[in-house]
$ cat data04.cif   # mmCIF, C-alpha atoms and all ligand atoms
data_run
loop_
_atom_site.group_PDB
_atom_site.id
_atom_site.type_symbol
_atom_site.label_atom_id
_atom_site.label_comp_id
_atom_site.auth_asym_id
_atom_site.auth_seq_id
_atom_site.Cartn_x
_atom_site.Cartn_y
_atom_site.Cartn_z
ATOM 1 C CA MET A 1186 0.000 0.000 0.000
ATOM 2 C CA LEU A 1187 1.016 3.607 -0.538
ATOM 3 C CA TYR A 1188 -0.236 6.050 2.087
ATOM 4 C CA GLU A 1189 -0.709 9.823 2.143
ATOM 5 C CA GLY A 1190 -2.923 11.800 4.479
ATOM 6 C CA ARG A 1191 -6.418 10.294 4.385
ATOM 7 C CA ILE A 1192 -5.870 8.015 1.399
ATOM 8 C CA ARG A 1193 -4.091 4.871 0.361
ATOM 9 C CA LEU A 1194 -3.406 3.346 -3.038
ATOM 10 C CA ARG A 1195 -3.641 -0.381 -3.658
ATOM 11 C CA ARG A 1196 -3.605 -2.603 -6.720
ATOM 12 C CA ASN A 1197 -6.845 -3.171 -8.583
ATOM 13 C CA GLU A 1198 -8.643 -6.435 -8.018
ATOM 14 C CA ARG A 1199 -11.225 -8.207 -10.164
ATOM 15 C CA ARG A 1200 -13.850 -7.412 -7.550
ATOM 16 C CA ASP A 1201 -13.446 -3.685 -8.400
ATOM 17 C CA ILE A 1202 -14.781 -4.164 -11.937
ATOM 18 C CA PRO A 1203 -18.555 -3.698 -11.286
ATOM 19 C CA GLN A 1204 -17.862 -0.491 -9.362
ATOM 20 C CA PHE A 1205 -15.736 0.898 -12.202
ATOM 21 C CA VAL A 1206 -18.485 0.039 -14.716
ATOM 22 C CA GLU A 1207 -21.016 1.966 -12.634
ATOM 23 C CA TRP A 1208 -18.768 5.020 -12.200
ATOM 24 C CA LEU A 1209 -17.527 5.154 -15.785
ATOM 25 C CA ASN A 1210 -21.089 5.015 -17.088
ATOM 26 C CA ASP A 1211 -21.952 8.133 -15.099
ATOM 27 C CA PRO A 1212 -21.820 11.057 -17.575
ATOM 28 C CA GLU A 1213 -20.651 13.457 -14.850
ATOM 29 C CA VAL A 1214 -17.683 11.256 -13.947
ATOM 30 C CA ARG A 1215 -16.871 10.592 -17.616
ATOM 31 C CA ARG A 1216 -17.238 14.197 -18.653
ATOM 32 C CA TYR A 1217 -13.526 15.052 -18.697
ATOM 33 C CA LEU A 1218 -12.209 11.552 -19.353
ATOM 34 C CA LEU A 1219 -11.302 10.244 -22.783
ATOM 35 C CA MET A 1220 -14.382 8.049 -22.854
ATOM 36 C CA ASN A 1221 -17.286 9.110 -25.013
ATOM 37 C CA MET A 1222 -19.373 5.970 -24.974
ATOM 38 C CA PRO A 1223 -20.967 3.791 -22.300
ATOM 39 C CA ILE A 1224 -18.987 0.713 -21.266
ATOM 40 C CA SER A 1225 -20.077 -2.805 -20.353
ATOM 41 C CA GLN A 1226 -18.906 -5.257 -17.719
ATOM 42 C CA ALA A 1227 -17.249 -7.209 -20.563
ATOM 43 C CA ASN A 1228 -15.374 -4.075 -21.720
ATOM 44 C CA GLU A 1229 -14.060 -3.528 -18.221
ATOM 45 C CA GLU A 1230 -13.099 -7.194 -17.811
ATOM 46 C CA GLN A 1231 -11.091 -6.887 -21.036
ATOM 47 C CA TRP A 1232 -9.471 -3.699 -19.671
ATOM 48 C CA PHE A 1233 -8.561 -5.593 -16.494
ATOM 49 C CA GLU A 1234 -6.912 -8.461 -18.386
ATOM 50 C CA ASN A 1235 -4.936 -6.010 -20.554
ATOM 51 C CA MET A 1236 -3.968 -4.035 -17.469
ATOM 52 C CA LEU A 1237 -2.316 -7.131 -15.955
ATOM 53 C CA LYS A 1238 -0.012 -7.313 -18.982
ATOM 54 C CA LEU A 1239 1.342 -3.788 -18.408
ATOM 55 C CA PRO A 1240 4.732 -3.301 -16.718
ATOM 56 C CA VAL A 1241 4.134 -3.415 -12.988
ATOM 57 C CA ASN A 1242 4.928 0.286 -12.504
ATOM 58 C CA GLU A 1243 2.231 1.204 -15.038
ATOM 59 C CA GLN A 1244 -0.494 -0.924 -13.500
ATOM 60 C CA PRO A 1245 -3.185 1.308 -11.967
ATOM 61 C CA PHE A 1246 -3.987 1.763 -8.305
ATOM 62 C CA GLY A 1247 -7.361 1.818 -6.610
ATOM 63 C CA ILE A 1248 -7.795 4.945 -4.485
ATOM 64 C CA GLU A 1249 -9.187 4.200 -1.054
ATOM 65 C CA ILE A 1250 -10.201 6.399 1.858
ATOM 66 C CA HIS A 1251 -10.490 5.340 5.436
ATOM 67 C CA ALA A 1252 -14.168 4.816 6.134
ATOM 68 C CA GLY A 1253 -13.700 5.088 9.900
ATOM 69 C CA LEU A 1254 -16.466 2.594 10.571
ATOM 70 C CA GLY A 1255 -16.734 -0.738 12.386
ATOM 71 C CA GLU A 1256 -13.433 -1.979 13.703
ATOM 72 C CA GLY A 1257 -11.731 1.130 12.350
ATOM 73 C CA ASN A 1258 -9.853 -0.773 9.694
ATOM 74 C CA GLU A 1259 -12.169 -0.367 6.758
ATOM 75 C CA TRP A 1260 -11.075 1.254 3.541
ATOM 76 C CA ARG A 1261 -13.467 2.321 0.809
ATOM 77 C CA LEU A 1262 -12.676 2.481 -2.917
ATOM 78 C CA ILE A 1263 -13.402 5.927 -4.420
ATOM 79 C CA GLY A 1264 -11.506 5.923 -7.728
ATOM 80 C CA ASN A 1265 -8.454 4.923 -9.712
ATOM 81 C CA CYS A 1266 -5.120 6.379 -10.773
ATOM 82 C CA SER A 1267 -1.925 5.356 -12.560
ATOM 83 C CA PHE A 1268 1.423 6.184 -14.055
ATOM 84 C CA MET A 1269 1.382 5.777 -17.830
ATOM 85 C CA ASP A 1270 4.017 5.437 -20.545
ATOM 86 C CA ILE A 1271 7.043 5.664 -18.266
ATOM 87 C CA ASN A 1272 10.109 6.719 -20.247
ATOM 88 C CA TRP A 1273 13.103 5.374 -18.323
ATOM 89 C CA THR A 1274 15.627 7.329 -20.413
ATOM 90 C CA ALA A 1275 14.036 10.738 -19.889
ATOM 91 C CA ARG A 1276 12.753 9.561 -16.493
ATOM 92 C CA SER A 1277 9.360 10.990 -17.350
ATOM 93 C CA ALA A 1278 5.820 9.667 -16.958
ATOM 94 C CA GLU A 1279 2.225 10.761 -17.363
ATOM 95 C CA VAL A 1280 -0.306 10.360 -14.567
ATOM 96 C CA GLY A 1281 -4.088 10.034 -14.758
ATOM 97 C CA LEU A 1282 -6.815 9.694 -12.165
ATOM 98 C CA PHE A 1283 -10.523 9.733 -11.571
ATOM 99 C CA ILE A 1284 -12.580 9.851 -8.406
ATOM 100 C CA GLY A 1285 -15.779 7.977 -9.261
ATOM 101 C CA ASP A 1286 -17.551 8.543 -5.964
ATOM 102 C CA LYS A 1287 -18.973 12.026 -6.518
ATOM 103 C CA SER A 1288 -19.636 12.512 -2.793
ATOM 104 C CA CYS A 1289 -15.831 12.666 -2.476
ATOM 105 C CA TRP A 1290 -15.281 15.513 -4.958
ATOM 106 C CA ASN A 1291 -13.947 18.846 -3.713
ATOM 107 C CA LYS A 1292 -12.796 17.431 -0.385
ATOM 108 C CA GLY A 1293 -9.091 17.467 -1.121
ATOM 109 C CA TYR A 1294 -8.754 13.787 -2.042
ATOM 110 C CA GLY A 1295 -7.686 14.464 -5.629
ATOM 111 C CA THR A 1296 -4.916 16.744 -4.381
ATOM 112 C CA GLU A 1297 -3.727 14.046 -1.953
ATOM 113 C CA VAL A 1298 -3.737 11.387 -4.687
ATOM 114 C CA VAL A 1299 -1.596 13.541 -6.952
ATOM 115 C CA ARG A 1300 0.772 14.399 -4.096
ATOM 116 C CA LEU A 1301 1.180 10.710 -3.364
ATOM 117 C CA LEU A 1302 1.814 9.886 -7.021
ATOM 118 C CA LEU A 1303 4.468 12.615 -7.125
ATOM 119 C CA ARG A 1304 6.189 11.380 -3.960
ATOM 120 C CA ASN A 1305 6.165 7.817 -5.230
ATOM 121 C CA GLY A 1306 7.255 8.874 -8.709
ATOM 122 C CA PHE A 1307 10.163 11.004 -7.511
ATOM 123 C CA ASP A 1308 11.363 9.189 -4.382
ATOM 124 C CA THR A 1309 10.654 5.561 -5.319
ATOM 125 C CA LEU A 1310 10.692 5.313 -9.113
ATOM 126 C CA ASN A 1311 13.322 8.087 -9.389
ATOM 127 C CA LEU A 1312 11.423 9.932 -12.095
ATOM 128 C CA ASN A 1313 12.463 13.478 -12.959
ATOM 129 C CA ARG A 1314 9.286 14.685 -14.680
ATOM 130 C CA VAL A 1315 5.647 13.846 -14.092
ATOM 131 C CA PHE A 1316 3.019 15.393 -16.325
ATOM 132 C CA LEU A 1317 -0.699 15.205 -16.978
ATOM 133 C CA ARG A 1318 -3.272 16.376 -19.462
ATOM 134 C CA VAL A 1319 -6.442 18.104 -18.344
ATOM 135 C CA ASP A 1320 -9.342 19.690 -20.209
ATOM 136 C CA GLU A 1321 -9.320 23.458 -19.860
ATOM 137 C CA ALA A 1322 -12.938 23.260 -18.694
ATOM 138 C CA ASN A 1323 -12.042 20.921 -15.813
ATOM 139 C CA LYS A 1324 -11.548 23.735 -13.303
ATOM 140 C CA GLY A 1325 -11.665 21.472 -10.239
ATOM 141 C CA GLY A 1326 -9.010 19.185 -11.676
ATOM 142 C CA ILE A 1327 -6.735 22.080 -12.637
ATOM 143 C CA ARG A 1328 -7.053 23.576 -9.149
ATOM 144 C CA ALA A 1329 -6.268 20.207 -7.511
ATOM 145 C CA TYR A 1330 -3.148 19.753 -9.652
ATOM 146 C CA GLU A 1331 -1.971 23.302 -8.928
ATOM 147 C CA LYS A 1332 -2.400 22.675 -5.201
ATOM 148 C CA ALA A 1333 -0.301 19.512 -5.524
ATOM 149 C CA GLY A 1334 2.531 21.468 -7.173
ATOM 150 C CA PHE A 1335 1.926 21.021 -10.897
ATOM 151 C CA VAL A 1336 2.683 24.042 -13.088
ATOM 152 C CA HIS A 1337 1.112 24.975 -16.401
ATOM 153 C CA GLU A 1338 3.257 23.982 -19.321
ATOM 154 C CA GLY A 1339 1.350 24.158 -22.565
ATOM 155 C CA ARG A 1340 -1.887 23.953 -24.452
ATOM 156 C CA LEU A 1341 -3.149 21.658 -27.161
ATOM 157 C CA ARG A 1342 -5.594 23.797 -29.075
ATOM 158 C CA GLN A 1343 -8.989 22.271 -29.909
ATOM 159 C CA ALA A 1344 -7.642 18.817 -29.075
ATOM 160 C CA HIS A 1345 -10.919 17.363 -27.806
ATOM 161 C CA TYR A 1346 -14.403 17.450 -29.273
ATOM 162 C CA ARG A 1347 -17.258 17.223 -26.829
ATOM 163 C CA ASN A 1348 -20.901 18.271 -26.794
ATOM 164 C CA GLY A 1349 -20.650 19.818 -30.226
ATOM 165 C CA LYS A 1350 -17.541 21.927 -29.683
ATOM 166 C CA TYR A 1351 -13.771 21.719 -29.581
ATOM 167 C CA GLU A 1352 -11.954 22.153 -26.285
ATOM 168 C CA ASP A 1353 -8.352 22.960 -25.470
ATOM 169 C CA VAL A 1354 -6.318 20.520 -23.400
ATOM 170 C CA LEU A 1355 -3.690 21.774 -20.964
ATOM 171 C CA PHE A 1356 -0.378 20.119 -20.158
ATOM 172 C CA MET A 1357 0.797 20.482 -16.549
ATOM 173 C CA SER A 1358 3.961 19.063 -15.027
ATOM 174 C CA ALA A 1359 6.088 18.751 -11.913
ATOM 175 C CA LEU A 1360 9.872 18.378 -11.926
ATOM 176 C CA LYS A 1361 11.768 16.594 -9.172
ATOM 177 C CA PRO A 1362 14.163 19.500 -8.313
ATOM 178 C CA GLU A 1363 11.239 21.940 -8.013
ATOM 179 C CA TRP A 1364 9.207 19.458 -6.009
ATOM 180 C CA GLN A 1365 12.128 18.858 -3.604
ATOM 181 C CA GLU A 1366 12.285 22.583 -2.849
HETATM 182 C C1 LIG A 1401 -10.683 16.080 -11.066
HETATM 183 C C2 LIG A 1401 -10.669 15.364 -9.719
HETATM 184 C C3 LIG A 1401 -9.569 14.303 -9.751
HETATM 185 C C4 LIG A 1401 -10.331 16.369 -8.628
HETATM 186 O O1 LIG A 1401 -10.359 15.714 -7.382
HETATM 187 P P1 LIG A 1401 -11.039 16.408 -6.110
HETATM 188 O O2 LIG A 1401 -10.832 15.542 -4.947
HETATM 189 O O3 LIG A 1401 -12.419 16.794 -6.464
HETATM 190 O O4 LIG A 1401 -10.117 17.734 -6.008
HETATM 191 P P2 LIG A 1401 -9.696 18.572 -4.704
HETATM 192 O O5 LIG A 1401 -10.843 18.599 -3.741
HETATM 193 O O6 LIG A 1401 -8.394 18.082 -4.201
HETATM 194 O O7 LIG A 1401 -9.465 20.015 -5.342
HETATM 195 C C5 LIG A 1401 -10.470 20.615 -6.144
HETATM 196 C C6 LIG A 1401 -10.338 22.125 -6.043
HETATM 197 O O8 LIG A 1401 -10.995 22.718 -7.158
HETATM 198 C C7 LIG A 1401 -11.960 23.641 -6.694
HETATM 199 N N1 LIG A 1401 -13.036 23.673 -7.687
HETATM 200 C C8 LIG A 1401 -13.973 22.748 -7.931
HETATM 201 N N2 LIG A 1401 -14.757 23.151 -8.955
HETATM 202 C C9 LIG A 1401 -14.280 24.345 -9.361
HETATM 203 C C10 LIG A 1401 -14.647 25.277 -10.370
HETATM 204 N N3 LIG A 1401 -15.686 25.025 -11.191
HETATM 205 N N4 LIG A 1401 -13.928 26.401 -10.499
HETATM 206 C C11 LIG A 1401 -12.862 26.650 -9.702
HETATM 207 N N5 LIG A 1401 -12.466 25.811 -8.705
HETATM 208 C C12 LIG A 1401 -13.163 24.672 -8.556
HETATM 209 C C13 LIG A 1401 -12.362 23.110 -5.337
HETATM 210 O O9 LIG A 1401 -12.956 24.113 -4.535
HETATM 211 C C14 LIG A 1401 -10.991 22.691 -4.806
HETATM 212 O O10 LIG A 1401 -10.201 23.804 -4.446
HETATM 213 P P3 LIG A 1401 -9.994 24.306 -2.905
HETATM 214 O O11 LIG A 1401 -9.515 23.134 -2.136
HETATM 215 O O12 LIG A 1401 -8.991 25.396 -3.026
HETATM 216 O O13 LIG A 1401 -11.352 24.761 -2.447
HETATM 217 C C15 LIG A 1401 -12.046 14.713 -9.412
HETATM 218 O O14 LIG A 1401 -13.011 15.707 -9.257
HETATM 219 C C16 LIG A 1401 -12.479 13.726 -10.484
HETATM 220 O O15 LIG A 1401 -11.984 12.626 -10.516
HETATM 221 N N6 LIG A 1401 -13.410 14.119 -11.391
HETATM 222 C C17 LIG A 1401 -13.956 13.223 -12.415
HETATM 223 C C18 LIG A 1401 -12.924 12.650 -13.392
HETATM 224 C C19 LIG A 1401 -11.885 13.644 -13.820
HETATM 225 O O16 LIG A 1401 -12.177 14.749 -14.193
HETATM 226 N N7 LIG A 1401 -10.613 13.218 -13.756
HETATM 227 C C20 LIG A 1401 -9.476 14.049 -14.099
HETATM 228 C C21 LIG A 1401 -9.153 14.051 -15.525
HETATM 229 S S1 LIG A 1401 -7.708 15.065 -15.863
#

$ encode --input "data04.cif" --output "structure tokens"
Amino acid sequence: MLYEGRIRLRRNERRDIPQFVEWLNDPEVRRYLLMNMPISQANEEQWFENMLKLPVNEQPFGIEIHAGLGEGNEWRLIGNCSFMDINWTARSAEVGLFIGDKSCWNKGYGTEVVRLLLRNGFDTLNLNRVFLRVDEANKGGIRAYEKAGFVHEGRLRQAHYRNGKYEDVLFMSALKPEWQE
């Protein structure tokens, strides 16, 4: 497990699949993700099998929060995140995340997830650059990434098409020397 503040990251399990199907079929959750169409249980099972073939450092994590119920040892899945396309020469990787449980939005969890990915990326994987892509309209996401230390780096003009119009996509990144300061 990887721990930070109120969250922990663990590997995905097959039992997570129905929950991901429910979340990723919610138009509000999917709104800023690169998924335009509904998905089925079979689609997600295929995703899971493909995921297991990825290098271990690129396999996603389930995001869990401490539920604080019962015996006090219960953790609840709220979303998913991962490193993608790690380039071991440039020591650079992209990160992505979603919080599917909408009751957990705007409570600081996204910021904590990104902070934890940065700490793990820089101090464990010895990456030098971690970047992400975010729709310009995703104001909550942009704010969370800024709070975690990401800086604005560039803009892909009209890179996405959604709801009948083109949208710009922003690149944001964090560098290890800046993060260490
Ligand atoms: C984007 C996402 C990861 C952010 O996680 P989160 O836990 O909601 O984010 P945080 O609570 O850490 O930070 C959000 C910040 O944005 C602010 N915010 C939210 N909506 C906003 C808006 N429309 N305009 C300006 N600020 C906004 C919040 O107030 C908060 O800032 P504050 O702490 O200074 O008050 C999460 O909402 C999510 O997964 N959404 C659905 C999928 C998605 O968009 N994934 C990301 C793709 S790049």

$ closest_atom_pairs --input "data04.cif" --of "chain A" --to "ligand LIG 1401 (chain A)" --cutoff "10 Å" --atoms "all atoms listed in the file" --output "CSV"
residue,atom,partner,partner_atom,distance
A:Trp1208,CA,A:LIG1401,C17,9.5
A:Leu1209,CA,A:LIG1401,C18,9.1
A:Asp1211,CA,A:LIG1401,C17,9.9
A:Pro1212,CA,A:LIG1401,C17,9.7
A:Glu1213,CA,A:LIG1401,C17,7.1
A:Val1214,CA,A:LIG1401,C17,4.5
A:Arg1215,CA,A:LIG1401,C18,6.1
A:Arg1216,CA,A:LIG1401,O16,6.8
A:Tyr1217,CA,A:LIG1401,O16,4.7
A:Leu1218,CA,A:LIG1401,C21,5.5
A:Leu1219,CA,A:LIG1401,C21,8.5
A:Ile1263,CA,A:LIG1401,O15,9.2
A:Gly1264,CA,A:LIG1401,O15,7.3
A:Asn1265,CA,A:LIG1401,O15,8.5
A:Cys1266,CA,A:LIG1401,C3,9.1
A:Val1280,CA,A:LIG1401,S1,8.9
A:Gly1281,CA,A:LIG1401,S1,6.3
A:Leu1282,CA,A:LIG1401,N7,5.4
A:Phe1283,CA,A:LIG1401,O15,3.4
A:Ile1284,CA,A:LIG1401,O15,3.5
A:Gly1285,CA,A:LIG1401,O15,6.1
A:Asp1286,CA,A:LIG1401,O15,8.3
A:Lys1287,CA,A:LIG1401,O14,7.5
A:Ser1288,CA,A:LIG1401,O3,9.2
A:Cys1289,CA,A:LIG1401,O2,6.3
A:Trp1290,CA,A:LIG1401,O3,3.5
A:Asn1291,CA,A:LIG1401,O5,3.1
A:Lys1292,CA,A:LIG1401,O5,4.1
A:Gly1293,CA,A:LIG1401,O6,3.2
A:Tyr1294,CA,A:LIG1401,O2,4.0
A:Gly1295,CA,A:LIG1401,O2,3.4
A:Thr1296,CA,A:LIG1401,O6,3.7
A:Glu1297,CA,A:LIG1401,O6,6.6
A:Val1298,CA,A:LIG1401,O6,8.2
A:Val1299,CA,A:LIG1401,C3,8.5
A:Arg1300,CA,A:LIG1401,O6,9.9
A:Leu1317,CA,A:LIG1401,S1,7.1
A:Arg1318,CA,A:LIG1401,S1,5.9
A:Val1319,CA,A:LIG1401,S1,4.1
A:Asp1320,CA,A:LIG1401,S1,6.6
A:Glu1321,CA,A:LIG1401,S1,9.4
A:Ala1322,CA,A:LIG1401,N3,8.2
A:Asn1323,CA,A:LIG1401,O16,6.4
A:Lys1324,CA,A:LIG1401,C10,4.5
A:Gly1325,CA,A:LIG1401,O8,3.4
A:Gly1326,CA,A:LIG1401,C1,3.6
A:Ile1327,CA,A:LIG1401,O8,7.0
A:Arg1328,CA,A:LIG1401,O8,4.5
A:Ala1329,CA,A:LIG1401,O7,3.9
A:Tyr1330,CA,A:LIG1401,O7,7.7
A:Glu1331,CA,A:LIG1401,C6,8.9
A:Lys1332,CA,A:LIG1401,O12,7.5
A:Ala1333,CA,A:LIG1401,O6,8.3
A:Val1354,CA,A:LIG1401,S1,9.4
A:Leu1355,CA,A:LIG1401,S1,9.3
A:Phe1356,CA,A:LIG1401,S1,9.9

$ write_last_selection --input "data04.cif" --atoms "C-alpha atoms" --output "PDB file, keeping the file's coordinate frame"
ATOM      1  CA  TRP A1208     -18.768   5.020 -12.200  1.00  0.00           C
ATOM      2  CA  LEU A1209     -17.527   5.154 -15.785  1.00  0.00           C
ATOM      3  CA  ASP A1211     -21.952   8.133 -15.099  1.00  0.00           C
ATOM      4  CA  PRO A1212     -21.820  11.057 -17.575  1.00  0.00           C
ATOM      5  CA  GLU A1213     -20.651  13.457 -14.850  1.00  0.00           C
ATOM      6  CA  VAL A1214     -17.683  11.256 -13.947  1.00  0.00           C
ATOM      7  CA  ARG A1215     -16.871  10.592 -17.616  1.00  0.00           C
ATOM      8  CA  ARG A1216     -17.238  14.197 -18.653  1.00  0.00           C
ATOM      9  CA  TYR A1217     -13.526  15.052 -18.697  1.00  0.00           C
ATOM     10  CA  LEU A1218     -12.209  11.552 -19.353  1.00  0.00           C
ATOM     11  CA  LEU A1219     -11.302  10.244 -22.783  1.00  0.00           C
ATOM     12  CA  ILE A1263     -13.402   5.927  -4.420  1.00  0.00           C
ATOM     13  CA  GLY A1264     -11.506   5.923  -7.728  1.00  0.00           C
ATOM     14  CA  ASN A1265      -8.454   4.923  -9.712  1.00  0.00           C
ATOM     15  CA  CYS A1266      -5.120   6.379 -10.773  1.00  0.00           C
ATOM     16  CA  VAL A1280      -0.306  10.360 -14.567  1.00  0.00           C
ATOM     17  CA  GLY A1281      -4.088  10.034 -14.758  1.00  0.00           C
ATOM     18  CA  LEU A1282      -6.815   9.694 -12.165  1.00  0.00           C
ATOM     19  CA  PHE A1283     -10.523   9.733 -11.571  1.00  0.00           C
ATOM     20  CA  ILE A1284     -12.580   9.851  -8.406  1.00  0.00           C
ATOM     21  CA  GLY A1285     -15.779   7.977  -9.261  1.00  0.00           C
ATOM     22  CA  ASP A1286     -17.551   8.543  -5.964  1.00  0.00           C
ATOM     23  CA  LYS A1287     -18.973  12.026  -6.518  1.00  0.00           C
ATOM     24  CA  SER A1288     -19.636  12.512  -2.793  1.00  0.00           C
ATOM     25  CA  CYS A1289     -15.831  12.666  -2.476  1.00  0.00           C
ATOM     26  CA  TRP A1290     -15.281  15.513  -4.958  1.00  0.00           C
ATOM     27  CA  ASN A1291     -13.947  18.846  -3.713  1.00  0.00           C
ATOM     28  CA  LYS A1292     -12.796  17.431  -0.385  1.00  0.00           C
ATOM     29  CA  GLY A1293      -9.091  17.467  -1.121  1.00  0.00           C
ATOM     30  CA  TYR A1294      -8.754  13.787  -2.042  1.00  0.00           C
ATOM     31  CA  GLY A1295      -7.686  14.464  -5.629  1.00  0.00           C
ATOM     32  CA  THR A1296      -4.916  16.744  -4.381  1.00  0.00           C
ATOM     33  CA  GLU A1297      -3.727  14.046  -1.953  1.00  0.00           C
ATOM     34  CA  VAL A1298      -3.737  11.387  -4.687  1.00  0.00           C
ATOM     35  CA  VAL A1299      -1.596  13.541  -6.952  1.00  0.00           C
ATOM     36  CA  ARG A1300       0.772  14.399  -4.096  1.00  0.00           C
ATOM     37  CA  LEU A1317      -0.699  15.205 -16.978  1.00  0.00           C
ATOM     38  CA  ARG A1318      -3.272  16.376 -19.462  1.00  0.00           C
ATOM     39  CA  VAL A1319      -6.442  18.104 -18.344  1.00  0.00           C
ATOM     40  CA  ASP A1320      -9.342  19.690 -20.209  1.00  0.00           C
ATOM     41  CA  GLU A1321      -9.320  23.458 -19.860  1.00  0.00           C
ATOM     42  CA  ALA A1322     -12.938  23.260 -18.694  1.00  0.00           C
ATOM     43  CA  ASN A1323     -12.042  20.921 -15.813  1.00  0.00           C
ATOM     44  CA  LYS A1324     -11.548  23.735 -13.303  1.00  0.00           C
ATOM     45  CA  GLY A1325     -11.665  21.472 -10.239  1.00  0.00           C
ATOM     46  CA  GLY A1326      -9.010  19.185 -11.676  1.00  0.00           C
ATOM     47  CA  ILE A1327      -6.735  22.080 -12.637  1.00  0.00           C
ATOM     48  CA  ARG A1328      -7.053  23.576  -9.149  1.00  0.00           C
ATOM     49  CA  ALA A1329      -6.268  20.207  -7.511  1.00  0.00           C
ATOM     50  CA  TYR A1330      -3.148  19.753  -9.652  1.00  0.00           C
ATOM     51  CA  GLU A1331      -1.971  23.302  -8.928  1.00  0.00           C
ATOM     52  CA  LYS A1332      -2.400  22.675  -5.201  1.00  0.00           C
ATOM     53  CA  ALA A1333      -0.301  19.512  -5.524  1.00  0.00           C
ATOM     54  CA  VAL A1354      -6.318  20.520 -23.400  1.00  0.00           C
ATOM     55  CA  LEU A1355      -3.690  21.774 -20.964  1.00  0.00           C
ATOM     56  CA  PHE A1356      -0.378  20.119 -20.158  1.00  0.00           C
TER      57      PHE A1356
END

$ resolve_selection --input "data04.cif" --expression "the PyMOL selection byres (((chain A and resi 1358) around 7) and not hetatm)" --output "MDAnalysis selection string"
chainID A and resid 1314:1317 1335:1338 1356:1357 1359:1360

$ write_last_selection --input "data04.cif" --atoms "C-alpha atoms" --output "mmCIF file, in the frame of the given file"
data_model
loop_
_atom_site.group_PDB
_atom_site.id
_atom_site.type_symbol
_atom_site.label_atom_id
_atom_site.label_comp_id
_atom_site.auth_asym_id
_atom_site.auth_seq_id
_atom_site.Cartn_x
_atom_site.Cartn_y
_atom_site.Cartn_z
ATOM 1 C CA ARG A 1314 9.286 14.685 -14.680
ATOM 2 C CA VAL A 1315 5.647 13.846 -14.092
ATOM 3 C CA PHE A 1316 3.019 15.393 -16.325
ATOM 4 C CA LEU A 1317 -0.699 15.205 -16.978
ATOM 5 C CA PHE A 1335 1.926 21.021 -10.897
ATOM 6 C CA VAL A 1336 2.683 24.042 -13.088
ATOM 7 C CA HIS A 1337 1.112 24.975 -16.401
ATOM 8 C CA GLU A 1338 3.257 23.982 -19.321
ATOM 9 C CA PHE A 1356 -0.378 20.119 -20.158
ATOM 10 C CA MET A 1357 0.797 20.482 -16.549
ATOM 11 C CA ALA A 1359 6.088 18.751 -11.913
ATOM 12 C CA LEU A 1360 9.872 18.378 -11.926
#

$ atom_distance --input "data04.cif" --atom1 "atom CA of Asp1308 of chain A" --atom2 "atom CA of Lys1361 of chain A"
8.8 Å

$ closest_residue --input "data04.cif" --among "A:Asn1197, A:Gln1365, A:Gln1226, A:Thr1274" --to "Glu1243 of chain A" --atoms "only C-alpha atoms"
A:Asn1197

$ residues_around --input "data04.cif" --residues "Glu1249 of chain A" --least-positions-apart "3" --cutoff "8 Å" --atoms "only C-alpha atoms" --output "ChimeraX atom specification"
/A:1192-1195,1260-1264

$ atom_distance --input "data04.cif" --atom1 "atom CA of Asn1221 of chain A" --atom2 "atom CA of Gly1349 of chain A"
12.4 Å

$ closest_residue --input "data04.cif" --among "A:Met1220, A:Ile1248, A:Trp1364, A:Ser1225" --to "Arg1304 of chain A" --atoms "all atoms listed in the file"
A:Trp1364

$ atom_distance --input "data04.cif" --atom1 "atom CA of His1251 of chain A" --atom2 "atom CA of Arg1200 of chain A"
18.5 Å

$ residues_near_point --input "data04.cif" --point "(-5.3, 25.0, -27.4)" --cutoff "8 Å" --atoms "all atoms listed in the file" --output "PyMOL selection string"
chain A and resi 1340-1344+1352-1355

$ closest_residue --input "data04.cif" --among "A:Asn1348, A:Phe1233, A:Gly1339, A:Ile1271" --to "Asn1311 of chain A" --atoms "all atoms listed in the file"
A:Ile1271

$ closest_residue --input "data04.cif" --among "A:Gly1190, A:Gly1334, A:Gly1247, A:Pro1223" --to "Val1206 of chain A" --atoms "all atoms listed in the file"
A:Pro1223

$ closest_residue --input "data04.cif" --among "A:Asn1210, A:Ile1202, A:Thr1309, A:Lys1238" --to "Met1222 of chain A" --atoms "all atoms listed in the file"
A:Asn1210

$ closest_residue --input "data04.cif" --among "A:Glu1207, A:Glu1189, A:Glu1198, A:Glu1279" --to "Met1236 of chain A" --atoms "only C-alpha atoms"
A:Glu1198

$ build_atoms --input "data04.cif" --residues "segment 1338-1343 of chain A" --atoms "N, CA and C atoms" --output "PDB file, keeping the file's coordinate frame"
ATOM      1  N   GLU A1338       2.135  24.186 -18.426  1.00  0.00           N
ATOM      2  CA  GLU A1338       3.257  23.982 -19.321  1.00  0.00           C
ATOM      3  C   GLU A1338       2.907  24.239 -20.778  1.00  0.00           C
ATOM      4  N   GLY A1339       1.697  23.982 -21.158  1.00  0.00           N
ATOM      5  CA  GLY A1339       1.350  24.158 -22.565  1.00  0.00           C
ATOM      6  C   GLY A1339      -0.115  23.863 -22.831  1.00  0.00           C
ATOM      7  N   ARG A1340      -0.479  24.074 -24.067  1.00  0.00           N
ATOM      8  CA  ARG A1340      -1.887  23.953 -24.452  1.00  0.00           C
ATOM      9  C   ARG A1340      -1.997  23.280 -25.809  1.00  0.00           C
ATOM     10  N   LEU A1341      -2.822  22.261 -25.873  1.00  0.00           N
ATOM     11  CA  LEU A1341      -3.149  21.658 -27.161  1.00  0.00           C
ATOM     12  C   LEU A1341      -4.463  22.276 -27.609  1.00  0.00           C
ATOM     13  N   ARG A1342      -4.407  23.062 -28.654  1.00  0.00           N
ATOM     14  CA  ARG A1342      -5.594  23.797 -29.075  1.00  0.00           C
ATOM     15  C   ARG A1342      -6.616  22.878 -29.745  1.00  0.00           C
ATOM     16  N   GLN A1343      -7.862  23.001 -29.312  1.00  0.00           N
ATOM     17  CA  GLN A1343      -8.989  22.271 -29.909  1.00  0.00           C
ATOM     18  C   GLN A1343      -8.689  20.778 -30.041  1.00  0.00           C
TER      19      GLN A1343
END
